Every structure is written in C-alpha cells, then in structure tokens.
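Student: Structure below; questions to follow.
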Amino acid sequence: MTVREAVDLALGTLAGRAVRLRELGDIGLATAYESSYRPQYASRPLAERRIVRRKSVLLARHTPEQAVREMLALDHRFHLFSDVLTGQDSVVHRIPGSGGFRLVRAHSTARLGGSGLPLTESAHPAPRLDVLGAARQLWLTCWPFVFHTDPGDGRGRILYRRYDGHYGLITPIADPH
C-alpha cells in the first residue's frame, strides 16, 4: 500500500465515522468516547510561543445540541459555531473528566431548551479580550483554549494551545448571505 492509499483509507474511515455519528439519535457511546491518542503538550518557554496557525472559518449555524454532535463526530475538544437560537458566536466544549459538555455564548446567556445531552450553559458570556489578553489567560489557566470576544468587532474567537507548544487562533468570517 502506498502512502497516498493509506491516507485515502484513513480519511474514508473518518468520514464514514462522522456520517454515522451524525445519524445517531442516541450518542451515548460517542459521549463517552474521546480519542485515547492525545500527545503531550511540548514545553516551550513563554517568550518563544507564537501564533503559528491562523484559521478563518465561516461558522456553521447549529443548535447547541447539533454543535455537540458535530464536535463528537470530529473528535474535537471544542467547536466554534453560530447559535441558531441567539445568532451569537458560541462554543461548546467537553468538560474534562465529567462526560458532559458546556456551552458558552459570546455576549449573553439564554436558557437552554430540553436536550438529551449532558449539556450545561455557562452563566457568563465570553470575556472581551484582545489576542494578548487571551494568550495571558491561556498561560495563567493552562486551559487547552480560551474563547473570547474581540474588542474591535465583538466576534467570538478561540486561541488554543497546540501540541508543539505554540498557539493557534480561530476567527470567524462574515456570512456572505
């Protein structure tokens, strides 16, 4: 098997898994499952850390429950999306060690409707931080990511720790519609 064939096989397997997880009505197995392969974060001195990955994305419009399902299908720890219920940039993320999930909205909180998921909502909106402030919070808390709103445009952003010891930044782009 060539390298190209191996990559195609792996991508096909992951795509099939994503489709199956999206189609599942009960995500009990998916809720409990998180990839056991998570490399350790490289230790890098603070002065050497840089944003080495910038990703601009058109946010999918989801309900919080749909966003959790998408996050699980992709085996991510967090998922940035546009909340259909409020129109706000929002994030859902795994709560380490609990098997549950948390929703954080950019500007305000709203009561979640009934859901079959262990999903709770943060009582506080995302903090208003520039990238330097978000990096400072990431460093102080040792969290894997910080969801914050940009003081300039008020949009939600995620600054996250990369396994190479640097940072990545996910920013939303305007919806063309």
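Lettering and numbering for the structure tokens are positional, with chains as A, B, ... in the shown order, residues counted from 1 in each chain, and ligands counted from 1 in the shown order.
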Which residues are near Asp153 (chain A)? Cut-off 12 Å, only C-alpha atoms, ignore same chain within fewer than 2 positions. Put them as JSON, numbers by chain.

Tutor: {"A": [89, 106, 128, 129, 130, 148, 149, 150, 151, 155, 156, 157, 171, 172, 173, 174]}

Student: Neighbouring residues of Gln137 (chain A) were defined as those with any atom within 10 Å, considering only C-alpha atoms; residues of the same chain fewer than 6 positions away were excluded. Please report them as a compact mmCIF listing (two decimals) with N, CA, C and O atoms, in the first residue's frame.

Tutor:
# COMPACT_ATOMS: atom_id res chain seq x y z
N LEU A 129 -11.51 40.18 25.22
CA LEU A 129 -10.05 40.21 25.30
C LEU A 129 -9.45 40.40 23.92
O LEU A 129 -9.98 39.87 22.94
N VAL A 131 -5.97 39.54 21.58
CA VAL A 131 -5.22 38.28 21.48
C VAL A 131 -4.17 38.17 22.59
O VAL A 131 -3.98 37.10 23.16
N TRP A 143 -5.47 26.13 30.47
CA TRP A 143 -6.57 25.52 29.73
C TRP A 143 -6.09 25.18 28.32
O TRP A 143 -5.14 25.78 27.82
N PHE A 145 -7.78 25.92 25.65
CA PHE A 145 -8.20 27.00 24.77
C PHE A 145 -8.87 28.10 25.58
O PHE A 145 -9.29 27.89 26.72
N VAL A 146 -8.99 29.28 24.96
CA VAL A 146 -9.73 30.39 25.55
C VAL A 146 -10.68 30.92 24.48
O VAL A 146 -10.25 31.32 23.40
N LEU A 159 -8.44 31.06 20.94
CA LEU A 159 -7.00 30.91 20.97
C LEU A 159 -6.75 29.58 21.66
O LEU A 159 -7.26 29.35 22.75

Student: For Leu119 (chain A), find every residue with an atom within 10 Å (counting only C-alpha atoms), except residues of its own chain fewer than 6 positions away, and show them as a list in words.

Tutor: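 Close residues of Leu119 (chain A): Pro64, Glu65, Val68, Val92, His93, Arg94, Ile95, Gly99, Gly100, Phe101, Arg102, Leu103 and Leu112 of chain A.
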
Student: Once you have the residues from the selection above, write them out as an mmCIF file, in the first residue's frame, restricted to C-alpha atoms.

Tutor:
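Output file selection-v9.cif follows:
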data_model
loop_
_atom_site.group_PDB
_atom_site.id
_atom_site.type_symbol
_atom_site.label_atom_id
_atom_site.label_comp_id
_atom_site.auth_asym_id
_atom_site.auth_seq_id
_atom_site.Cartn_x
_atom_site.Cartn_y
_atom_site.Cartn_z
ATOM 1 C CA PRO A 64 -26.052 23.748 20.765
ATOM 2 C CA GLU A 65 -27.042 20.067 20.554
ATOM 3 C CA VAL A 68 -22.022 18.939 20.292
ATOM 4 C CA VAL A 92 -19.363 24.006 23.029
ATOM 5 C CA HIS A 93 -16.626 22.038 24.712
ATOM 6 C CA ARG A 94 -16.038 18.894 26.680
ATOM 7 C CA ILE A 95 -15.902 19.213 30.453
ATOM 8 C CA GLY A 99 -18.512 13.171 30.231
ATOM 9 C CA GLY A 100 -20.537 16.373 29.917
ATOM 10 C CA PHE A 101 -20.413 19.470 27.763
ATOM 11 C CA ARG A 102 -20.548 23.213 28.310
ATOM 12 C CA LEU A 103 -21.987 25.967 26.112
ATOM 13 C CA LEU A 112 -31.241 26.019 27.044
#

Student: So which residues touch Gly165 (chain A) within 12 Å, counting only C-alpha atoms, skipping near sequence neighbours fewer than 2 positions away, as JSON, numbers by chain?

Tutor: {"A": [39, 40, 41, 42, 43, 44, 45, 46, 47, 48, 49, 50, 51, 52, 53, 138, 139, 142, 144, 160, 161, 162, 163, 167, 168]}

Student: Just to confirm, what's the straight-line distance from CA of His107 (chain A) to CA of His124 (chain A) in Å (one decimal)?

Tutor: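 Interatomic distance here is 8.4 Å.
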
Student: How far is it from CA of Ser122 (chain A) to CA of Ile158 (chain A), in Å with one decimal?

Tutor: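 It comes out at 16.1 Å.
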
Student: Among region 36-71 of chain A, which ones does DSSP assign to strand (DSSP E or B) (computed from the backbone)? Answer as a VMD selection string.

Tutor: chain A and resid 51 to 57 61 to 62

Student: What does the distance between CA of Leu59 (chain A) and CA of Arg77 (chain A) come to in Å, to one decimal place?

Tutor: 16.6 Å
